[in-house]
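S.K.: Got a file for you: upload.txt, compact mmCIF, C-alpha atoms.
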```
# COMPACT_ATOMS: atom_id res chain seq x y z
CA MET Z 1 99.37 -11.51 48.84
CA PHE Z 2 101.28 -12.14 52.03
CA PHE Z 3 104.53 -11.17 50.30
CA ASP Z 4 103.02 -7.92 49.10
CA GLN Z 5 102.01 -7.07 52.67
CA ILE Z 6 105.57 -7.67 53.95
CA ASP Z 7 107.06 -5.46 51.26
CA ILE Z 8 104.69 -2.65 52.16
CA TRP Z 9 105.55 -2.96 55.85
CA GLU Z 10 109.25 -2.91 55.04
CA LEU Z 11 108.77 0.16 52.88
CA GLU Z 12 106.78 1.93 55.60
CA ARG Z 13 109.43 1.09 58.20
CA LEU Z 14 112.17 2.31 55.89
CA TYR Z 15 110.20 5.50 55.21
CA TYR Z 16 109.75 6.19 58.93
CA LYS Z 17 113.42 5.48 59.58
CA LEU Z 18 114.46 8.03 56.94
CA ALA Z 19 111.91 10.53 58.26
CA VAL Z 20 113.35 10.18 61.78
CA LYS Z 21 116.87 10.83 60.44
CA LYS Z 22 115.67 13.95 58.63
CA ILE Z 23 113.94 15.20 61.75
CA ALA Z 24 117.07 14.51 63.80
CA TYR Z 25 119.15 16.56 61.36
CA LEU Z 26 116.55 19.31 61.41
CA VAL Z 27 116.33 19.40 65.21
CA PHE Z 28 119.99 18.95 66.17
CA VAL Z 29 122.30 19.84 63.28
CA PHE Z 30 120.47 22.74 61.64
CA PRO Z 31 120.44 24.96 64.81
CA VAL Z 32 124.20 24.50 65.21
CA ILE Z 33 124.90 25.48 61.61
CA ALA Z 34 122.44 28.39 61.79
CA SER Z 35 124.06 29.62 65.04
CA LEU Z 36 127.54 29.53 63.52
CA ILE Z 37 126.40 31.44 60.45
CA PHE Z 38 124.50 34.04 62.50
CA GLY Z 39 127.40 34.40 64.99
CA GLY Z 40 129.88 34.89 62.16
CA PHE Z 41 127.66 37.53 60.60
CA VAL Z 42 127.31 39.42 63.90
CA LEU Z 43 131.04 39.19 64.67
CA SER Z 44 132.03 40.42 61.20
CA ASP Z 45 129.59 43.32 61.55
CA VAL Z 46 131.00 44.30 64.96
CA LEU Z 47 134.61 44.00 63.81
CA GLY Z 48 133.77 46.09 60.74
CA GLN Z 49 133.02 49.09 62.93
CA PRO Z 50 135.77 51.72 63.36
CA ASP Z 51 138.20 51.25 66.29
CA ARG Z 52 137.12 47.62 66.87
CA ASN Z 53 139.43 44.62 66.89
CA LEU Z 54 139.44 41.05 68.10
CA ASN Z 55 142.01 40.54 70.84
CA MET Z 56 141.92 36.96 72.02
CA TRP Z 57 145.42 37.09 73.54
CA GLN Z 58 144.97 39.64 76.33
CA PHE Z 59 148.01 38.62 78.30
CA LYS Z 60 149.99 41.12 80.30
CA PHE Z 61 153.72 40.88 79.81
CA GLU Z 62 156.88 42.01 81.47
CA THR Z 63 159.95 42.62 79.38
CA GLN Z 64 163.56 42.68 80.43
CA THR Z 65 163.78 46.49 80.16
CA GLY Z 66 161.53 47.19 83.15
CA GLN Z 67 158.33 47.60 81.15
CA GLN Z 68 155.14 46.21 82.61
CA GLY Z 69 151.67 46.33 81.11
CA ASP Z 70 150.10 45.77 77.73
CA LYS Z 71 150.11 47.54 74.37
CA GLU Z 72 147.75 50.32 75.52
CA ILE Z 73 149.43 51.39 78.77
CA ARG Z 74 152.81 50.50 80.29
CA LEU Z 75 154.93 51.31 83.29
CA LEU Z 76 158.48 52.15 82.23
CA ASN Z 77 161.66 51.73 84.31
CA LEU Z 78 159.95 50.16 87.34
CA GLY Z 79 162.23 47.81 89.22
CA ASP Z 80 161.36 44.68 91.19
CA SER Z 81 162.78 46.01 94.46
CA TYR Z 82 164.05 49.26 95.97
CA PRO Z 83 166.02 50.13 99.11
CA VAL Z 84 164.19 51.86 101.97
CA SER Z 85 164.03 55.69 101.70
CA THR Z 86 164.97 55.67 98.00
CA SER Z 87 163.03 57.59 95.40
CA ILE Z 88 161.02 55.29 93.13
CA ASN Z 89 161.31 56.77 89.65
CA PHE Z 90 159.27 55.46 86.74
CA SER Z 91 156.98 56.77 84.04
CA VAL Z 92 153.86 55.72 82.18
CA LYS Z 93 153.57 55.25 78.41
CA VAL Z 94 150.09 55.33 76.85
CA ASN Z 95 149.75 54.16 73.25
CA ASN Z 96 145.99 54.54 72.86
CA THR Z 97 145.26 57.94 71.30
CA ALA Z 98 141.67 57.90 72.59
CA PHE Z 99 143.09 58.86 75.99
CA ASP Z 100 145.02 61.92 74.77
CA CYS Z 101 144.52 64.96 77.07
CA GLY Z 102 142.94 62.74 79.71
CA ASP Z 103 143.70 62.45 83.42
CA LEU Z 104 146.35 60.16 84.92
CA TYR Z 105 145.93 58.76 88.43
CA MET Z 106 148.78 56.92 90.15
CA THR Z 107 148.40 55.12 93.46
CA ILE Z 108 150.77 52.97 95.51
CA TYR Z 109 149.17 50.43 97.85
CA ALA Z 110 150.68 48.37 100.67
CA THR Z 111 149.68 44.83 99.73
CA ASN Z 112 150.58 43.24 103.07
CA THR Z 113 147.57 44.87 104.78
CA SER Z 114 143.96 43.85 104.42
CA PRO Z 115 142.33 45.79 102.86
CA LYS Z 116 145.14 47.31 100.83
CA GLN Z 117 146.22 50.62 102.33
CA VAL Z 118 146.94 53.64 100.12
CA ILE Z 119 150.51 54.85 100.68
CA VAL Z 120 150.87 57.51 97.97
CA GLN Z 121 148.33 58.87 95.51
CA HIS Z 122 148.61 61.59 92.92
CA ALA Z 123 146.58 62.87 89.95
CA TYR Z 124 147.86 64.57 86.79
CA PHE Z 125 145.20 66.36 84.79
CA SER Z 126 145.05 67.09 81.03
CA GLN Z 127 147.94 64.88 80.00
CA CYS Z 128 148.24 65.56 76.22
CA PHE Z 129 150.84 63.05 74.98
CA VAL Z 130 150.03 62.29 71.33
CA GLN Z 131 151.68 65.28 69.66
CA ASP Z 132 155.11 64.66 71.23
CA SER Z 133 154.77 60.90 71.95
CA SER Z 134 155.59 61.78 75.55
CA THR Z 135 155.80 59.60 78.59
CA LEU Z 136 153.59 60.57 81.51
CA PRO Z 137 153.34 62.57 83.70
CA ILE Z 138 154.19 65.43 81.33
CA GLN Z 139 156.53 68.10 82.75
CA ASP Z 140 156.31 66.49 86.19
CA THR Z 141 157.61 63.45 88.02
CA PHE Z 142 156.05 60.84 90.25
CA SER Z 143 158.89 59.74 92.49
CA PRO Z 144 157.62 58.80 95.93
CA VAL Z 145 159.89 57.75 98.79
CA ILE Z 146 158.71 54.79 100.86
CA ASP Z 147 160.22 54.47 104.33
CA LYS Z 148 158.77 51.12 105.32
CA VAL Z 149 159.90 47.62 104.24
CA GLY Z 150 157.17 45.59 102.54
CA GLN Z 151 155.31 44.54 99.41
CA TYR Z 152 153.69 47.28 97.35
CA GLN Z 153 151.56 47.62 94.25
CA ILE Z 154 151.50 50.56 91.84
CA VAL Z 155 148.32 51.23 89.87
CA ALA Z 156 148.36 53.74 87.01
CA GLU Z 157 144.97 54.60 85.54
CA MET Z 158 144.40 56.82 82.52
CA LYS Z 159 140.92 58.27 81.93
CA ASP Z 160 139.79 59.90 78.71
CA LYS Z 161 138.61 63.53 78.45
CA THR Z 162 135.02 62.59 79.25
CA ASN Z 163 135.97 60.42 82.26
CA GLN Z 164 133.83 57.61 80.84
CA ASN Z 165 136.57 55.24 79.64
CA SER Z 166 139.74 54.19 81.38
CA ILE Z 167 142.72 51.89 81.02
CA SER Z 168 145.02 50.83 83.82
CA VAL Z 169 148.15 48.88 84.61
CA LYS Z 170 149.28 47.28 87.86
CA ALA Z 171 152.68 46.12 89.00
CA ASN Z 172 154.15 44.81 92.25
CA PHE Z 173 157.49 45.72 93.81
CA LYS Z 174 159.31 45.34 97.12
CA VAL Z 175 160.96 47.83 99.42
CA GLN Z 176 163.82 46.20 101.34
```
Output the file's structure in the form of structure tokens.

M.R.:
Amino acid sequence: MFFDQIDIWELERLYYKLAVKKIAYLVFVFPVIASLIFGGFVLSDVLGQPDRNLNMWQFKFETQTGQQGDKEIRLLNLGDSYPVSTSINFSVKVNNTAFDCGDLYMTIYATNTSPKQVIVQHAYFSQCFVQDSSTLPIQDTFSPVIDKVGQYQIVAEMKDKTNQNSISVKANFKVQ
């Protein structure tokens, strides 16, 4: 009879041990798996919508041809440094068609002051570039002359027709 009692205790202990493992899986592992499945479902639904994409590599780049920016908006032909009292000539290329016929704002700041001081600012309205694949500003130029040596930053911002969405690009240059 004593041996029967030991076997029952062993079986009960083994049963509780297995029950604890099942509860541990239920409490710790199941929520992780459920979260991954639910997250994948939500992400696939969001990416399935029109004009949505997953861009995990949002790095800005600078190429050897004087282009600065990303795939949506770029500054073209902007140099690293310019002589004093020389016209700074560059243009903007927008590749996102959602911003067609929007407004372009370009501002040059002096970065060696705190807060940054606006040196030159100009706005170009209704810039329709998609039909001709034009660079901006269309039928105009932004070529400021800076008479003071220093570090400067150009910011080009393109807003859509509704003025609710915008994209921008920044670049630094020197005047020597």

S.K.: Closest to Z:Phe90 among Z:Val175, Z:Val27, Z:Val42, Z:Ile154, using only C-alpha atoms?

M.R.: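 Looking at the shortest contact to Z:Phe90, the residue is Z:Ile154.
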
S.K.: Would you pick out the contacts of Z:Ile119 at 9 Å or less, using all atoms listed in the file, so that residues sharing its chain but fewer than 2 positions from it are not included, and give the list as a PDB file with C-alpha atoms, keeping the file's coordinate frame?

M.R.:
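Here's the written file out.pdb:
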```pdb
ATOM      1  CA  THR Z 107     148.400  55.120  93.460  1.00  0.00           C
ATOM      2  CA  ILE Z 108     150.770  52.970  95.510  1.00  0.00           C
ATOM      3  CA  TYR Z 109     149.170  50.430  97.850  1.00  0.00           C
ATOM      4  CA  ALA Z 110     150.680  48.370 100.670  1.00  0.00           C
ATOM      5  CA  GLN Z 117     146.220  50.620 102.330  1.00  0.00           C
ATOM      6  CA  GLN Z 121     148.330  58.870  95.510  1.00  0.00           C
ATOM      7  CA  ILE Z 146     158.710  54.790 100.860  1.00  0.00           C
ATOM      8  CA  TYR Z 152     153.690  47.280  97.350  1.00  0.00           C
TER       9      TYR Z 152
END
```

S.K.: Between Z:Tyr105, Z:Tyr82, Z:Phe129, Z:Phe173, which has the minimum distance to Z:Phe142 (counting only C-alpha atoms)?

M.R.: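 Answer, going by the shortest atom-to-atom distance: Z:Tyr105.
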
S.K.: Please indicate the distance in Å from atom CA of Z:Ser143 to atom CA of Z:Val94, rounded to one decimal place.

M.R.: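 That distance, rounded to one decimal, is 18.5 Å.
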
S.K.: So how many Å separate atom CA of Z:Glu72 and atom CA of Z:Ser134, to one decimal?

M.R.: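 Distance between the two atoms: 13.9 Å.
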
S.K.: Residues near Z:Cys128, anyone? I mean within 7 Å using all atoms listed in the file, not counting same-chain ones fewer than 3 positions away, as an mmCIF file with C-alpha atoms, in the frame of the given file.

M.R.:
```cif
data_model
loop_
_atom_site.group_PDB
_atom_site.id
_atom_site.type_symbol
_atom_site.label_atom_id
_atom_site.label_comp_id
_atom_site.auth_asym_id
_atom_site.auth_seq_id
_atom_site.Cartn_x
_atom_site.Cartn_y
_atom_site.Cartn_z
ATOM 1 C CA ASP Z 100 145.020 61.920 74.770
ATOM 2 C CA CYS Z 101 144.520 64.960 77.070
ATOM 3 C CA GLY Z 102 142.940 62.740 79.710
#
```

S.K.: Of the candidates Z:Pro83, Z:Gly48, Z:Pro137, Z:Gly40, which shows the shortest atom-to-atom distance to Z:Gln176, using all atoms listed in the file?

M.R.: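 Checking each candidate against Z:Gln176, we get Z:Pro83 as the closest.
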
S.K.: Could you tell me how far atom CA of Z:Pro144 sits from atom CA of Z:Asp132, in Å to one decimal place?

M.R.: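 Between atom CA of Z:Asp132 and atom CA of Z:Pro144 the gap is 25.5 Å.
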
S.K.: Need the shell around Z:Thr113: protein/DNA/RNA residues with any atom at most 10 Å away, counting only C-alpha atoms. Skip same-chain ones fewer than 5 positions apart. Format as a list in words?

M.R.: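 Skipping anything fewer than 5 positions along the chain leaves Val118, Gly150, Gln151 and Tyr152 of chain Z.
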
S.K.: Produce a file of the selected residues containing C-alpha atoms, as a tab-separated table (two decimals), in the coordinates of the input.

M.R.:
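part-v9.tsv written:
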```tsv
chain	number	residue	atom	x	y	z
Z	118	VAL	CA	146.94	53.64	100.12
Z	150	GLY	CA	157.17	45.59	102.54
Z	151	GLN	CA	155.31	44.54	99.41
Z	152	TYR	CA	153.69	47.28	97.35
```

S.K.: Given only C-alpha atoms as the basis, pick out the residue of Z:Val92, Z:Ile138, Z:Val145, Z:Val120 nearest to Z:Ile167.

M.R.: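 For Z:Ile167, the nearest of the given residues is Z:Val92.
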
S.K.: Of the residues Z:Ala24, Z:Val29, Z:Met158, Z:Leu11, which is the one nearest to Z:Lys93, using all atoms listed in the file?

M.R.: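 Answer, going by the shortest atom-to-atom distance: Z:Met158.
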
S.K.: Between Z:Asp160, Z:Glu12, Z:Asp70, Z:Asp7, single out the one closest to Z:Ala98, counting only C-alpha atoms.

M.R.: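 For Z:Ala98, the nearest of the candidates is Z:Asp160.
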
S.K.: Using all atoms listed in the file, which residues sit within 7 Å of Z:Ala123 once same-chain residues fewer than 2 positions away are excluded, as a list of chain:residue names?

M.R.: Z:Leu104, Z:Tyr105, Z:Met106, Z:Phe125
